[in-house]
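K.L.:
Please see the structure below; I have some questions.
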Amino acid sequence: MEGGSAAAGLLEQWPQAETVPQPEPPPRPQEETVPQEEALPRPQEETVPEGEAAAAALLVPAERRKLLCAEFASITSSDLARARCCLADNDWHLQRALNSYFEPPVDERDVGGRPQARTPPETCIDLTADVTTSSAGVNSADCRQPEDDSRFSLITWNIDGLDLGNQQDRARGVCSYLALYSPDVVFLQEVIPPYFSYLQKRALSYTIIPGNIDGYFTAIMLKKSRVKFLRQEIIPFPTTSMMRNLLVVHVNISGNELCLMTSHLESTKGHAKERLNQLRQVLKTMQEASESTTVIFGGDTNLRDHEVTQIGGLPNNILDIWEFLGKPGHCRYTWDTNCNSNLDASYKCKLRFDRIFFRTATEGGQIIPRSLDLIGLEKLDCGRFPSDHWGLLCDFDVIL
């Protein structure tokens with residue numbers, strides 16, 4: 001998101017069922033003052049008569065329904081019959097069905113207001129179990145294929161934790177995307193303590209490393225089955241006025257040493273000078289990494305294209321992955337108030353704030369960017385997107 005300042009007072013844990021009043025979010029730096037409307041109440045789910053549900057099912061081709069059932073069964077570790085029932089009840093909308101499965105409606109909860117356990121006592125539901133694209137007619141056990149060492153995937157996403165509106169719905173939406181794509185590495189920006197605690201409980205298959213523990217901060221998630229954590233460091237930005245820093249994590253993936261970095265660079269036009277100082281620090285740190293290490297930076301840079309030109313462009317050995325892949329139009333703009341209504345902004349603009357930079361290793365195996373896509377493009381049941389930013393999903397080929 002464009003902006004942010006100290007996020008005091010957000011240390012309360014989210015409730016398990018009903019949402020209690022939360023403190024006002026901290027003020028955000030704004031390009032211009034825009035009145036914000038209060039979030040609309042979540043609409044009540046309407047009961048769909050059997051005839052209408054059957055008609056909705058007919059609109060989804062049979063092969064597609066089989067694929068959705070296999071995908072749902074794999075994510076939830078349920079059987080295909082349960083998958084078909086949940087999907088049919090949600091008009092064959094996969095994300096909506098996942099949300100209804102993991103978060104039962106109020107009348108299915110006990111009198112204490114906590115959801116009934118769907119797993120053994122003291123075991124958390126893992127929304128991010130490793131998932132692969134399923135084939136029709138395959139049971140959920142067969143959907144869990146061995147890890148492919150010839151590729152890996154990464155998501156970077158500003159999840160807009162400072163927006164308290166529909167926060168639990170949006171957090172569940174983010175976790176659903178992690179379950180669907182099962183990335184090996186995740187870079188997150190604008191995480192707040194309650195959101196971080198939620199991820200720790202839900203994303204059991206990931207090691208989560210925060211860039212701070214107070215206010216709002218970044219985090220890096222590493223899939224335990226695939227990524228070996230080596231060490232971490234936090235590099236401060238000494239002149240930031242927005243609590244920004246650079247989180248650096250060293251890992252090994254398929255025998256390859258990687259240096260992973262994320263940051264949320266200073267926001268708004270008025271802080272361009274500080275933002276460029278932070279960018280210089282990021283690029284300097286990337287270049288100082290061992291030549292035998294592949295370096296990947298991803299995050300909310302808040303950069304305008306002319307600002308990169310202003311510092312003379314990127315160093316010759318550092319690539320902007322979007323540019324390297326031929327500047328694909330479908331994933332150019334990651335902050336787009338024309339298409340994303342979360343801010344209810346009166347102004348309309350679209351910018352490429354979220355970027356991934358890459359420096360290849362000079363020795364050993366090679367890691368090459370293969371594709372780049374936007375995620376988080378669908379509205380949730382609450383009528384909002386998971387974030388005011390689109391996420392970036394990047395796939396890499398690993399040449400051993």
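Each chain in the structure tokens gets a letter, A, B and so on, in the order shown; residues start at 1 in every chain, and ligands are counted from 1 in the order they appear.
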Let's see if you can do this: from backbone DSSP, list all strand (DSSP E or B) residues in stretch 165-256 of chain A, as a ChimeraX atom specification.

P.N.:
/A:185-191,206-210,217-223,227-236,245-253,256

K.L.:
Go ahead and save the residues from that selection, with N, CA and C atoms, as a short mmCIF file (atom, residue, chain, number, x, y, z; two decimals), in the first residue's frame.

P.N.:
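out_39.cif, freshly written:
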data_model
loop_
_atom_site.label_atom_id
_atom_site.label_comp_id
_atom_site.auth_asym_id
_atom_site.auth_seq_id
_atom_site.Cartn_x
_atom_site.Cartn_y
_atom_site.Cartn_z
N VAL A 185 8.88 -19.98 -1.40
CA VAL A 185 9.31 -18.78 -0.66
C VAL A 185 8.21 -17.73 -0.77
N VAL A 186 7.94 -17.03 0.32
CA VAL A 186 6.96 -15.94 0.31
C VAL A 186 7.59 -14.71 0.97
N PHE A 187 7.53 -13.57 0.29
CA PHE A 187 7.92 -12.28 0.85
C PHE A 187 6.63 -11.51 1.17
N LEU A 188 6.48 -11.07 2.40
CA LEU A 188 5.29 -10.30 2.79
C LEU A 188 5.70 -8.93 3.31
N GLN A 189 4.90 -7.93 2.99
CA GLN A 189 5.08 -6.58 3.53
C GLN A 189 3.78 -6.14 4.21
N GLU A 190 3.93 -5.19 5.13
CA GLU A 190 2.82 -4.68 5.94
C GLU A 190 2.15 -5.77 6.76
N VAL A 191 2.97 -6.56 7.42
CA VAL A 191 2.48 -7.53 8.39
C VAL A 191 2.38 -6.83 9.74
N TYR A 206 5.48 -23.85 6.93
CA TYR A 206 6.46 -22.80 6.63
C TYR A 206 7.18 -22.35 7.89
N THR A 207 8.47 -22.05 7.73
CA THR A 207 9.21 -21.28 8.72
C THR A 207 8.99 -19.80 8.40
N ILE A 208 8.58 -19.02 9.38
CA ILE A 208 8.26 -17.61 9.13
C ILE A 208 9.24 -16.73 9.90
N ILE A 209 9.94 -15.87 9.19
CA ILE A 209 10.98 -15.02 9.77
C ILE A 209 10.54 -13.56 9.64
N PRO A 210 10.28 -12.89 10.75
CA PRO A 210 9.82 -11.49 10.69
C PRO A 210 10.99 -10.51 10.61
N PHE A 217 5.65 -4.61 9.67
CA PHE A 217 6.96 -5.08 9.27
C PHE A 217 6.85 -6.05 8.10
N THR A 218 8.00 -6.53 7.65
CA THR A 218 8.06 -7.52 6.58
C THR A 218 8.25 -8.91 7.19
N ALA A 219 8.09 -9.93 6.36
CA ALA A 219 8.35 -11.30 6.79
C ALA A 219 8.71 -12.15 5.58
N ILE A 220 9.50 -13.18 5.82
CA ILE A 220 9.84 -14.15 4.78
C ILE A 220 9.40 -15.53 5.26
N MET A 221 8.67 -16.24 4.40
CA MET A 221 8.18 -17.58 4.70
C MET A 221 8.94 -18.59 3.85
N LEU A 222 9.42 -19.65 4.47
CA LEU A 222 10.21 -20.68 3.78
C LEU A 222 9.53 -22.03 3.95
N LYS A 223 9.23 -22.71 2.85
CA LYS A 223 8.59 -24.02 2.93
C LYS A 223 9.58 -25.02 3.53
N VAL A 227 13.04 -25.79 1.56
CA VAL A 227 14.02 -24.73 1.74
C VAL A 227 14.74 -24.91 3.08
N LYS A 228 16.06 -25.01 3.04
CA LYS A 228 16.86 -25.13 4.26
C LYS A 228 17.32 -23.75 4.71
N PHE A 229 16.88 -23.34 5.88
CA PHE A 229 17.27 -22.04 6.43
C PHE A 229 18.70 -22.11 6.96
N LEU A 230 19.50 -21.09 6.62
CA LEU A 230 20.88 -21.04 7.07
C LEU A 230 21.09 -19.94 8.11
N ARG A 231 20.77 -18.70 7.76
CA ARG A 231 20.95 -17.59 8.71
C ARG A 231 20.16 -16.39 8.21
N GLN A 232 20.06 -15.38 9.07
CA GLN A 232 19.32 -14.17 8.71
C GLN A 232 20.02 -12.94 9.27
N GLU A 233 19.67 -11.80 8.73
CA GLU A 233 20.13 -10.52 9.26
C GLU A 233 19.12 -9.44 8.89
N ILE A 234 19.08 -8.41 9.69
CA ILE A 234 18.21 -7.26 9.42
C ILE A 234 19.11 -6.04 9.28
N ILE A 235 19.03 -5.40 8.13
CA ILE A 235 19.84 -4.21 7.85
C ILE A 235 18.95 -2.98 8.02
N PRO A 236 19.24 -2.12 8.97
CA PRO A 236 18.37 -0.95 9.21
C PRO A 236 18.55 0.11 8.13
N ASN A 245 13.11 -1.37 6.89
CA ASN A 245 14.43 -1.98 6.94
C ASN A 245 14.55 -3.01 5.83
N LEU A 246 15.68 -3.70 5.78
CA LEU A 246 15.92 -4.74 4.77
C LEU A 246 16.11 -6.07 5.50
N LEU A 247 15.23 -7.03 5.24
CA LEU A 247 15.31 -8.36 5.83
C LEU A 247 16.04 -9.28 4.86
N VAL A 248 17.11 -9.92 5.34
CA VAL A 248 17.95 -10.78 4.50
C VAL A 248 17.99 -12.17 5.12
N VAL A 249 17.70 -13.19 4.30
CA VAL A 249 17.71 -14.58 4.77
C VAL A 249 18.53 -15.41 3.79
N HIS A 250 19.46 -16.18 4.32
CA HIS A 250 20.29 -17.07 3.50
C HIS A 250 19.74 -18.49 3.61
N VAL A 251 19.57 -19.15 2.45
CA VAL A 251 18.96 -20.47 2.41
C VAL A 251 19.67 -21.36 1.39
N ASN A 252 19.28 -22.63 1.40
CA ASN A 252 19.73 -23.58 0.39
C ASN A 252 18.49 -24.25 -0.19
N ILE A 253 18.38 -24.23 -1.53
CA ILE A 253 17.28 -24.88 -2.23
C ILE A 253 17.86 -25.80 -3.28
N ASN A 256 21.41 -25.36 -4.03
CA ASN A 256 21.83 -24.03 -4.46
C ASN A 256 21.75 -23.04 -3.30
#

K.L.:
Give me, as a ChimeraX atom specification, all polymer residues having an atom no more than 9 Å from A:Phe385, counting only C-alpha atoms and skipping those fewer than 2 positions away in the same chain.

P.N.:
/A:170,173,340-342,376-380,382-383,387-390

K.L.:
To one decimal in Å, tell me the separation between atom CA of A:Ile321 and atom CA of A:Ile356.

P.N.:
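Atom CA of A:Ile356 lies 5.8 Å from atom CA of A:Ile321.
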
K.L.:
Would you pick out the contacts of A:Asn338 at 8 Å or less, using only C-alpha atoms, so that residues sharing its chain but fewer than 3 positions from it are not included, and give the list as number ranges by chain?

P.N.:
A: 341, 348-350

K.L.:
Hey, what's within 9 Å of A:Gln281 if we count only C-alpha atoms and toss same-chain stuff fewer than 4 positions away? As a list in words, please?

P.N.:
Phe237, Leu246, Leu276, Asn277, Thr285 and Met286 of chain A

K.L.:
Excluding same-chain residues fewer than 5 positions from A:Leu303, what lies within 8 Å of it counting only C-alpha atoms, as a ChimeraX atom specification?

P.N.:
/A:275,308,352-353

K.L.:
Taking C-alpha atoms for each residue, export the selection above as an mmCIF file, in the first residue's frame.

P.N.:
data_model
loop_
_atom_site.group_PDB
_atom_site.id
_atom_site.type_symbol
_atom_site.label_atom_id
_atom_site.label_comp_id
_atom_site.auth_asym_id
_atom_site.auth_seq_id
_atom_site.Cartn_x
_atom_site.Cartn_y
_atom_site.Cartn_z
ATOM 1 C CA ARG A 275 13.283 5.795 -0.955
ATOM 2 C CA VAL A 308 15.260 4.111 -11.185
ATOM 3 C CA ARG A 352 4.444 -0.963 -10.727
ATOM 4 C CA PHE A 353 5.253 -0.626 -7.038
#

K.L.:
Restricting the calculation to only C-alpha atoms: of A:Leu94, A:Leu162, A:Leu154, A:Val398, which residue gets closest to A:Glu257?

P.N.:
A:Val398
